[in-house]
>>> print(open('run.pdb').read())   # PDB, C-alpha atoms
ATOM      1  CA  MET I1237      77.904  12.310-177.581
ATOM      2  CA  PRO I1238      80.797  10.142-178.899
ATOM      3  CA  GLN I1239      80.083   7.225-181.208
ATOM      4  CA  ALA I1240      79.996   3.813-179.508
ATOM      5  CA  SER I1241      82.426   1.140-180.666
ATOM      6  CA  THR I1242      81.112  -1.101-183.450
ATOM      7  CA  GLU I1243      81.714  -4.168-181.249
ATOM      8  CA  ALA I1244      79.845  -2.711-178.272
ATOM      9  CA  THR I1245      76.168  -3.053-177.499
ATOM     10  CA  SER I1246      74.040  -1.129-175.004
ATOM     11  CA  SER I1247      73.014  -2.871-171.835
ATOM     12  CA  GLY I1248      71.926  -1.531-168.442
ATOM     13  CA  ALA I1249      72.053   2.023-167.085
ATOM     14  CA  ALA I1250      75.179   3.987-166.281
ATOM     15  CA  SER I1251      75.738   7.283-164.450
ATOM     16  CA  GLY I1252      74.143  10.397-165.934
ATOM     17  CA  GLY I1253      71.285   8.375-167.408
ATOM     18  CA  GLN I1254      73.448   7.130-170.295
ATOM     19  CA  LEU I1255      73.333   3.532-171.460
ATOM     20  CA  GLU I1256      76.079   1.314-170.158
ATOM     21  CA  GLU I1257      78.467   0.000-172.781
ATOM     22  CA  ARG I1258      78.736  -3.750-173.201
ATOM     23  CA  ILE I1259      81.564  -5.169-175.260
ATOM     24  CA  ASP I1260      80.990  -8.538-176.923
ATOM     25  CA  LEU I1261      84.122 -10.619-176.278
ATOM     26  CA  SER I1262      82.578 -14.039-176.907
ATOM     27  CA  THR I1263      84.737 -14.887-179.947
ATOM     28  CA  GLU I1264      87.972 -13.834-178.273
ATOM     29  CA  THR I1265      86.955 -15.678-175.102
ATOM     30  CA  THR I1266      86.425 -18.957-176.965
ATOM     31  CA  GLN I1267      89.800 -18.629-178.697
ATOM     32  CA  LYS I1268      91.792 -17.768-175.585
ATOM     33  CA  ILE I1269      90.182 -20.461-173.434
ATOM     34  CA  ALA I1270      91.196 -23.009-176.061
ATOM     35  CA  GLN I1271      94.696 -21.496-176.131
ATOM     36  CA  ALA I1272      95.001 -21.580-172.339
ATOM     37  CA  SER I1273      94.310 -25.318-172.230
ATOM     38  CA  SER I1274      97.594 -25.974-174.031
ATOM     39  CA  LEU I1275      99.761 -23.601-171.952
ATOM     40  CA  PRO I1276     101.617 -24.183-168.670
ATOM     41  CA  LEU I1277      99.492 -23.365-165.617
ATOM     42  CA  ALA I1278     101.155 -20.012-164.798
ATOM     43  CA  ASP I1279     100.922 -18.782-168.406
ATOM     44  CA  ALA I1280      97.338 -19.980-168.756
ATOM     45  CA  LEU I1281      96.278 -18.149-165.590
ATOM     46  CA  ALA I1282      98.033 -14.970-166.731
ATOM     47  CA  LEU I1283      96.257 -15.116-170.093
ATOM     48  CA  LEU I1284      92.847 -15.749-168.524
ATOM     49  CA  SER I1285      93.369 -13.119-165.837
ATOM     50  CA  ALA I1286      93.871 -10.389-168.427
ATOM     51  CA  LEU I1287      90.822 -11.603-170.337
ATOM     52  CA  GLU I1288      88.751 -11.747-167.132
ATOM     53  CA  LYS I1289      89.437  -8.074-166.484
ATOM     54  CA  ARG I1290      88.391  -7.086-170.015
ATOM     55  CA  CYS I1291      85.151  -9.077-169.725
ATOM     56  CA  ARG I1292      84.381  -7.634-166.289
ATOM     57  CA  VAL I1293      85.107  -4.018-167.254
ATOM     58  CA  GLY I1294      83.340  -4.505-170.588
ATOM     59  CA  ASN I1295      80.220  -5.906-168.855
ATOM     60  CA  ASP I1296      80.251  -9.087-170.927
ATOM     61  CA  THR I1297      78.899 -11.311-168.151
ATOM     62  CA  PRO I1298      78.407 -14.536-170.190
ATOM     63  CA  SER I1299      82.040 -14.413-171.349
ATOM     64  CA  LEU I1300      83.164 -13.474-167.824
ATOM     65  CA  VAL I1301      81.490 -16.570-166.400
ATOM     66  CA  LYS I1302      83.215 -18.773-169.015
ATOM     67  CA  VAL I1303      86.635 -17.253-168.240
ATOM     68  CA  CYS I1304      86.194 -17.718-164.488
ATOM     69  CA  GLU I1305      85.167 -21.344-164.927
ATOM     70  CA  ALA I1306      88.062 -21.967-167.325
ATOM     71  CA  SER I1307      90.524 -20.527-164.793
ATOM     72  CA  LEU I1308      89.329 -23.010-162.183
ATOM     73  CA  ASP I1309      89.370 -25.847-164.731
ATOM     74  CA  VAL I1310      93.049 -25.373-165.597
ATOM     75  CA  CYS I1311      93.993 -25.358-161.897
ATOM     76  CA  HIS I1312      91.936 -28.453-161.151
ATOM     77  CA  GLY I1313      93.194 -30.195-164.262
ATOM     78  CA  ALA I1314      96.786 -29.556-163.147
ATOM     79  CA  GLY I1315      95.981 -30.950-159.689
ATOM     80  CA  ASP I1316      97.297 -27.770-158.060
ATOM     81  CA  TYR I1317      94.950 -27.131-155.107
ATOM     82  CA  GLU I1318      97.010 -24.205-153.855
ATOM     83  CA  ALA I1319      96.608 -22.433-157.191
ATOM     84  CA  LEU I1320      92.924 -23.411-157.288
ATOM     85  CA  VAL I1321      92.161 -21.859-153.888
ATOM     86  CA  SER I1322      94.257 -18.774-154.693
ATOM     87  CA  THR I1323      92.550 -18.258-158.066
ATOM     88  CA  LEU I1324      89.127 -18.803-156.512
ATOM     89  CA  LYS I1325      89.805 -16.207-153.834
ATOM     90  CA  THR I1326      91.276 -13.698-156.300
ATOM     91  CA  LEU I1327      88.433 -13.944-158.820
ATOM     92  CA  SER I1328      85.693 -13.739-156.191
ATOM     93  CA  THR I1329      87.152 -10.587-154.618
ATOM     94  CA  ARG I1330      87.804  -8.630-157.814
ATOM     95  CA  ARG I1331      86.527  -5.068-157.760
ATOM     96  CA  SER I1332      82.929  -4.859-159.008
ATOM     97  CA  GLN I1333      82.855  -8.586-159.623
ATOM     98  CA  LYS I1334      79.523  -9.740-161.049
ATOM     99  CA  SER I1335      77.273 -11.806-158.814
ATOM    100  CA  LYS I1336      76.719 -14.300-161.655
ATOM    101  CA  ALA I1337      80.472 -14.857-161.886
ATOM    102  CA  ILE I1338      80.777 -15.427-158.134
ATOM    103  CA  ALA I1339      77.850 -17.865-158.207
ATOM    104  CA  ALA I1340      79.466 -19.681-161.148
ATOM    105  CA  LEU I1341      82.756 -19.994-159.246
ATOM    106  CA  VAL I1342      81.029 -21.659-156.305
ATOM    107  CA  THR I1343      78.858 -23.893-158.493
ATOM    108  CA  LYS I1344      81.902 -24.982-160.498
ATOM    109  CA  CYS I1345      83.846 -26.087-157.412
ATOM    110  CA  LEU I1346      81.061 -27.859-155.529
ATOM    111  CA  PRO I1347      81.230 -31.184-157.455
ATOM    112  CA  TRP I1348      84.962 -31.379-156.644
ATOM    113  CA  VAL I1349      84.409 -31.493-152.885
ATOM    114  CA  VAL I1350      80.820 -32.596-152.142
ATOM    115  CA  ASP I1351      78.185 -34.938-153.521
ATOM    116  CA  ALA I1352      76.522 -32.214-155.575
ATOM    117  CA  ASP I1353      74.186 -34.669-157.348
ATOM    118  CA  GLY I1354      73.054 -36.202-154.050
ATOM    119  CA  ASP I1355      72.284 -34.358-150.834
ATOM    120  CA  GLY I1356      74.632 -31.496-151.740
ATOM    121  CA  PHE I1357      76.688 -31.554-148.537
ATOM    122  CA  THR I1358      78.278 -34.989-148.024
ATOM    123  CA  PRO I1359      82.042 -34.645-148.648
ATOM    124  CA  LEU I1360      83.395 -36.798-151.447
ATOM    125  CA  PRO I1361      85.667 -39.662-150.344
ATOM    126  CA  THR I1362      89.358 -38.961-150.918
ATOM    127  CA  THR I1363      90.921 -41.114-153.639
ATOM    128  CA  SER I1364      94.517 -39.885-153.404
ATOM    129  CA  ASN I1365      97.257 -42.132-152.001
ATOM    130  CA  ASN I1366      98.146 -39.369-149.567
ATOM    131  CA  LYS I1367      94.814 -39.267-147.754
ATOM    132  CA  GLU I1368      95.956 -36.742-145.155
ATOM    133  CA  GLU I1369      96.997 -34.211-147.790
ATOM    134  CA  ALA I1370      93.828 -34.848-149.807
ATOM    135  CA  ALA I1371      91.665 -34.314-146.708
ATOM    136  CA  THR I1372      93.489 -31.049-145.942
ATOM    137  CA  ASN I1373      93.010 -29.813-149.522
ATOM    138  CA  GLN I1374      89.342 -30.732-149.394
ATOM    139  CA  GLU I1375      88.767 -28.904-146.113
ATOM    140  CA  THR I1376      90.694 -25.841-147.361
ATOM    141  CA  LEU I1377      88.557 -25.634-150.500
ATOM    142  CA  VAL I1378      85.304 -26.109-148.566
ATOM    143  CA  THR I1379      86.359 -23.384-146.124
ATOM    144  CA  GLU I1380      87.210 -20.947-148.930
ATOM    145  CA  LEU I1381      83.926 -21.619-150.730
ATOM    146  CA  ARG I1382      82.076 -21.054-147.475
ATOM    147  CA  ASN I1383      83.911 -17.752-146.960
ATOM    148  CA  ILE I1384      82.924 -16.621-150.458
ATOM    149  CA  THR I1385      79.236 -17.310-149.805
ATOM    150  CA  ASP I1386      79.232 -15.326-146.548
ATOM    151  CA  GLY I1387      76.752 -12.438-146.659
ATOM    152  CA  LYS I1388      75.471 -13.257-150.174
ATOM    153  CA  MET I1389      71.736 -13.963-150.157
ATOM    154  CA  TYR I1390      71.849 -15.511-153.625
ATOM    155  CA  LEU I1391      74.229 -18.169-152.271
ATOM    156  CA  GLU I1392      72.628 -18.831-148.871
ATOM    157  CA  ALA I1393      71.579 -22.392-149.787
ATOM    158  CA  GLU I1394      75.142 -23.203-150.883
ATOM    159  CA  ARG I1395      76.490 -21.656-147.675
ATOM    160  CA  ALA I1396      74.234 -23.839-145.526
ATOM    161  CA  ARG I1397      75.311 -27.005-147.358
ATOM    162  CA  LEU I1398      78.995 -26.083-147.294
ATOM    163  CA  THR I1399      78.680 -25.452-143.564
ATOM    164  CA  ARG I1400      77.303 -28.962-143.084
ATOM    165  CA  SER I1401      80.170 -30.317-145.188
ATOM    166  CA  LEU I1402      82.742 -28.514-143.050
ATOM    167  CA  ALA I1403      81.067 -29.768-139.872
ATOM    168  CA  ILE I1404      81.203 -33.348-141.179
ATOM    169  CA  LEU I1405      84.902 -32.973-141.975
ATOM    170  CA  LYS I1406      85.615 -31.528-138.520
ATOM    171  CA  GLU I1407      83.636 -34.264-136.793
ATOM    172  CA  SER I1408      85.369 -37.010-138.789
ATOM    173  CA  SER I1409      88.714 -35.639-137.580
ATOM    174  CA  GLY I1410      87.486 -35.796-133.973
ATOM    175  CA  ASP I1411      86.956 -32.058-133.462
ATOM    176  CA  ILE I1412      83.363 -32.127-132.189
ATOM    177  CA  ALA I1413      83.522 -28.675-130.577
ATOM    178  CA  THR I1414      84.575 -26.933-133.795
ATOM    179  CA  ALA I1415      81.989 -28.883-135.803
ATOM    180  CA  ALA I1416      79.237 -27.708-133.419
ATOM    181  CA  ASN I1417      80.489 -24.112-133.464
ATOM    182  CA  VAL I1418      80.620 -24.066-137.271
ATOM    183  CA  LEU I1419      76.984 -25.146-137.539
ATOM    184  CA  GLN I1420      75.865 -22.614-134.931
ATOM    185  CA  ASP I1421      77.186 -19.778-137.122
ATOM    186  CA  VAL I1422      74.390 -20.373-139.640
ATOM    187  CA  HIS I1423      70.867 -19.270-138.739
ATOM    188  CA  VAL I1424      69.256 -21.503-141.318
ATOM    189  CA  GLU I1425      65.742 -20.821-140.003
ATOM    190  CA  THR I1426      65.958 -17.343-141.607
ATOM    191  CA  TYR I1427      66.932 -18.645-145.071
ATOM    192  CA  GLY I1428      64.196 -18.364-147.663
ATOM    193  CA  SER I1429      65.784 -20.409-150.456
ATOM    194  CA  ILE I1430      65.958 -23.676-148.494
ATOM    195  CA  SER I1431      63.119 -26.157-148.204
ATOM    196  CA  LYS I1432      61.332 -26.690-144.912
ATOM    197  CA  ARG I1433      62.646 -30.246-144.671
ATOM    198  CA  GLU I1434      66.256 -29.211-145.241
ATOM    199  CA  LYS I1435      65.959 -26.534-142.570
ATOM    200  CA  ILE I1436      64.726 -29.068-140.021
ATOM    201  CA  GLU I1437      67.492 -31.519-140.958
ATOM    202  CA  PHE I1438      70.057 -28.756-140.454
ATOM    203  CA  ILE I1439      68.650 -27.802-137.035
ATOM    204  CA  LEU I1440      68.565 -31.449-135.958
ATOM    205  CA  GLU I1441      72.229 -31.706-136.873
ATOM    206  CA  GLN I1442      72.889 -28.606-134.741
ATOM    207  CA  MET I1443      71.093 -30.319-131.844
ATOM    208  CA  ARG I1444      73.022 -33.553-132.279
ATOM    209  CA  LEU I1445      76.432 -31.878-132.272
ATOM    210  CA  THR I1446      75.670 -29.580-129.336
ATOM    211  CA  LEU I1447      74.546 -32.630-127.353
ATOM    212  CA  LEU I1448      77.773 -34.430-128.281
ATOM    213  CA  LYS I1449      79.613 -31.318-127.129
ATOM    214  CA  ARG I1450      77.620 -31.534-123.851
ATOM    215  CA  ASP I1451      76.356 -27.991-124.322
ATOM    216  CA  TYR I1452      72.875 -28.819-123.048
ATOM    217  CA  VAL I1453      71.681 -25.241-122.662
ATOM    218  CA  ARG I1454      72.536 -24.482-126.296
ATOM    219  CA  ALA I1455      70.933 -27.747-127.410
ATOM    220  CA  TYR I1456      67.637 -26.773-125.767
ATOM    221  CA  ILE I1457      67.765 -23.287-127.324
ATOM    222  CA  VAL I1458      68.354 -24.845-130.746
ATOM    223  CA  SER I1459      65.443 -27.276-130.232
ATOM    224  CA  ASN I1460      63.079 -24.321-129.873
ATOM    225  CA  LYS I1461      63.868 -23.296-133.462
ATOM    226  CA  VAL I1462      61.824 -26.277-134.649
ATOM    227  CA  LYS I1463      58.101 -25.599-134.836
ATOM    228  CA  ARG I1464      56.280 -28.653-133.515
ATOM    229  CA  SER I1465      53.470 -28.104-136.018
ATOM    230  CA  MET I1466      55.945 -28.550-138.887
ATOM    231  CA  LEU I1467      56.881 -31.990-137.559
ATOM    232  CA  ASP I1468      53.234 -33.093-137.812
ATOM    233  CA  GLU I1469      53.109 -32.405-141.541
ATOM    234  CA  GLU I1470      53.028 -35.195-144.088
ATOM    235  CA  GLY I1471      56.405 -36.759-144.858
ATOM    236  CA  MET I1472      58.033 -35.508-141.650
ATOM    237  CA  SER I1473      57.595 -38.688-139.550
ATOM    238  CA  GLU I1474      61.263 -39.675-139.724
ATOM    239  CA  LEU I1475      62.428 -36.193-138.720
ATOM    240  CA  LYS I1476      59.842 -36.008-135.927
ATOM    241  CA  ILE I1477      61.126 -39.237-134.396
ATOM    242  CA  LYS I1478      64.726 -38.048-134.688
ATOM    243  CA  PHE I1479      63.839 -34.717-133.069
ATOM    244  CA  TYR I1480      62.197 -36.300-130.034
ATOM    245  CA  VAL I1481      65.007 -38.846-129.659
ATOM    246  CA  LEU I1482      67.489 -35.951-129.473
ATOM    247  CA  LEU I1483      65.208 -33.969-127.149
ATOM    248  CA  SER I1484      64.916 -36.999-124.865
ATOM    249  CA  GLN I1485      68.710 -36.955-124.500
ATOM    250  CA  TYR I1486      68.488 -33.407-123.153
ATOM    251  CA  HIS I1487      65.669 -34.231-120.717
ATOM    252  CA  SER I1488      67.513 -37.362-119.640
ATOM    253  CA  GLN I1489      70.469 -35.215-118.623
ATOM    254  CA  GLN I1490      68.055 -32.893-116.778
ATOM    255  CA  LYS I1491      66.428 -35.933-115.116
ATOM    256  CA  ASP I1492      62.970 -34.687-116.085
ATOM    257  CA  ALA I1493      60.838 -37.838-116.117
ATOM    258  CA  LEU I1494      57.621 -36.116-117.219
ATOM    259  CA  GLU I1495      59.251 -34.477-120.243
ATOM    260  CA  LEU I1496      60.885 -37.792-121.103
ATOM    261  CA  ALA I1497      57.457 -39.426-121.029
ATOM    262  CA  ARG I1498      56.185 -36.743-123.397
ATOM    263  CA  CYS I1499      59.088 -37.296-125.779
ATOM    264  CA  PHE I1500      58.574 -41.056-125.877
ATOM    265  CA  HIS I1501      54.829 -40.608-126.276
ATOM    266  CA  ALA I1502      55.458 -38.404-129.332
ATOM    267  CA  ILE I1503      57.799 -41.091-130.699
ATOM    268  CA  TYR I1504      55.203 -43.769-129.936
ATOM    269  CA  SER I1505      52.426 -41.849-131.676
ATOM    270  CA  THR I1506      54.542 -41.320-134.774
ATOM    271  CA  ALA I1507      56.156 -44.751-134.863
ATOM    272  CA  SER I1508      52.834 -46.579-134.368
ATOM    273  CA  SER I1509      51.226 -44.765-137.303
ATOM    274  CA  THR I1510      54.320 -45.448-139.389
ATOM    275  CA  ALA I1511      54.204 -49.120-138.401
ATOM    276  CA  ALA I1512      50.520 -49.269-139.346
ATOM    277  CA  ALA I1513      51.308 -47.868-142.775
ATOM    278  CA  ALA I1514      54.180 -50.331-143.139
ATOM    279  CA  ALA I1515      51.917 -53.229-142.151
ATOM    280  CA  ALA I1516      49.471 -52.169-144.836
ATOM    281  CA  ASP I1517      52.315 -52.508-147.328
ATOM    282  CA  GLY I1518      53.112 -56.003-146.070
ATOM    283  CA  SER I1519      56.165 -55.067-143.962
ATOM    284  CA  ASP I1520      56.529 -55.291-140.194
ATOM    285  CA  ASP I1521      58.267 -52.866-137.841
ATOM    286  CA  ASN I1522      56.679 -53.025-134.394
ATOM    287  CA  ASN I1523      59.735 -52.801-132.153
ATOM    288  CA  LYS I1524      60.125 -49.035-132.183
ATOM    289  CA  TRP I1525      56.594 -48.109-131.146
ATOM    290  CA  LYS I1526      56.441 -50.881-128.525
ATOM    291  CA  GLU I1527      59.681 -49.721-126.909
ATOM    292  CA  SER I1528      58.489 -46.096-126.984
ATOM    293  CA  LEU I1529      55.168 -47.028-125.363
ATOM    294  CA  THR I1530      56.991 -48.934-122.643
ATOM    295  CA  ASN I1531      59.285 -45.952-121.963
ATOM    296  CA  THR I1532      56.286 -43.613-121.868
ATOM    297  CA  VAL I1533      54.583 -45.648-119.150
ATOM    298  CA  VAL I1534      57.809 -46.115-117.157
ATOM    299  CA  PHE I1535      58.707 -42.414-117.102
ATOM    300  CA  LEU I1536      55.124 -41.433-116.306
ATOM    301  CA  CYS I1537      55.326 -43.694-113.264
ATOM    302  CA  LEU I1538      58.673 -42.151-112.268
ATOM    303  CA  SER I1539      57.523 -38.549-112.674
ATOM    304  CA  GLU I1540      56.527 -36.457-109.678
ATOM    305  CA  TYR I1541      52.835 -36.059-108.927
ATOM    306  CA  SER I1542      51.420 -32.818-110.294
ATOM    307  CA  ASN I1543      48.309 -31.414-111.973
ATOM    308  CA  GLU I1544      49.741 -32.485-115.313
TER     309      GLU I1544
END
>>> encode(input="run.pdb", output="structure tokens")
Amino acid sequence: MPQASTEATSSGAASGGQLEERIDLSTETTQKIAQASSLPLADALALLSALEKRCRVGNDTPSLVKVCEASLDVCHGAGDYEALVSTLKTLSTRRSQKSKAIAALVTKCLPWVVDADGDGFTPLPTTSNNKEEAATNQETLVTELRNITDGKMYLEAERARLTRSLAILKESSGDIATAANVLQDVHVETYGSISKREKIEFILEQMRLTLLKRDYVRAYIVSNKVKRSMLDEEGMSELKIKFYVLLSQYHSQQKDALELARCFHAIYSTASSTAAAAAADGSDDNNKWKESLTNTVVFLCLSEYSNE
């Protein structure tokens, strides 16, 4: 068996049961990243691209992650969004690209387009003088990041949030239909890395947009993704009220007085308990539950006589 290089260390398993060779390029990576920061954009990308390949082939994942992030940094620092999107796409689709590198690429770009420290999906306000161009660049980057996360379970939470970001951008431009269709592409109820609350918020947003689109059949199908028992859990009062408000819009279009009464009764039950808790804290918010109770009685009176 040939001698391994003095700068290589063993890591992982390769074909034939032999240990996979890992080359430590950390020193060279630090030097070339520093060098790239002082070069023109094209030269810097060429330098980092060659280094990226060596790190990837040499299985030096920590150095690979640093090189990928540095490549995005030089593009963003130069304000060249076209180069940024192109570099992002190229690095993420490299042959045998490491999952940690792909995750790092997405994580690196998120704070440039969304409120990563907040809810994780609200698009950042554009600060450029040319707002139309800035909005286009922002949407292009969000779309590319969303494409990268497609089919990758380790990035499903990021995909869900980027999808909400894209839907917000589409809705703000007046394209309600596309915003609704974008959200429908994500079956967030199957995602295991997202909290229960975030899943419900996502589904409620799907309901809201499908109702705005006047796709009432789809809106009702989406509403069935929400388990009613989850809405009764502690801390879900706000989401429960929002859910039944949206559901009442569907039943209003269907002219179903009994179901409307049920929706408003659910709102009344939740809002009254919330108001009681607020009163205990010294605040007062009685309007919501009173209005809901009134609507419950009115729609019960309007509903057809039945065993129910």
>>> closest_residue(input="run.pdb", among="I:Val1418, I:Leu1346, I:Ala1352, I:Leu1287", to="I:Leu1327", atoms="only C-alpha atoms")
I:Leu1287
>>> resolve_selection(input="run.pdb", expression="the PyMOL selection byres ((chain I and resi 1314) around 12)", output="ChimeraX atom specification")
/I:1273-1278,1280-1281,1307-1313,1315-1320
>>> closest_residue(input="run.pdb", among="I:Ala1286, I:Ala1272, I:Val1453, I:Leu1447", to="I:Ile1412", atoms="all atoms listed in the file")
I:Leu1447
>>> closest_residue(input="run.pdb", among="I:Ser1505, I:Ser1429, I:Gln1485, I:Gln1420", to="I:Leu1448", atoms="only C-alpha atoms")
I:Gln1485
>>> resolve_selection(input="run.pdb", expression="the PyMOL selection byres ((chain I and resi 1328) around 8)", output="MDAnalysis selection string")
chainID I and resid 1324:1327 1329:1330 1333 1337:1338 1341 1384
>>> atom_distance(input="run.pdb", atom1="atom CA of I:Ala1502", atom2="atom CA of I:Ala1455")
18.9 Å
>>> closest_residue(input="run.pdb", among="I:Glu1392, I:Asp1351, I:Glu1368, I:Glu1407", to="I:Ile1430", atoms="all atoms listed in the file")
I:Glu1392
>>> closest_residue(input="run.pdb", among="I:Asn1365, I:Thr1385, I:Gln1267, I:Ser1401", to="I:Ala1340", atoms="all atoms listed in the file")
I:Thr1385
>>> atom_distance(input="run.pdb", atom1="atom CA of I:Ser1332", atom2="atom CA of I:Thr1376")
25.2 Å
>>> resolve_selection(input="run.pdb", expression="the PyMOL selection byres ((chain I and resi 1463-1465) around 12)", output="number ranges by chain")
I: 1425, 1432-1433, 1435-1436, 1439, 1458-1462, 1466-1470, 1472-1473, 1475-1477, 1479-1480, 1499, 1502
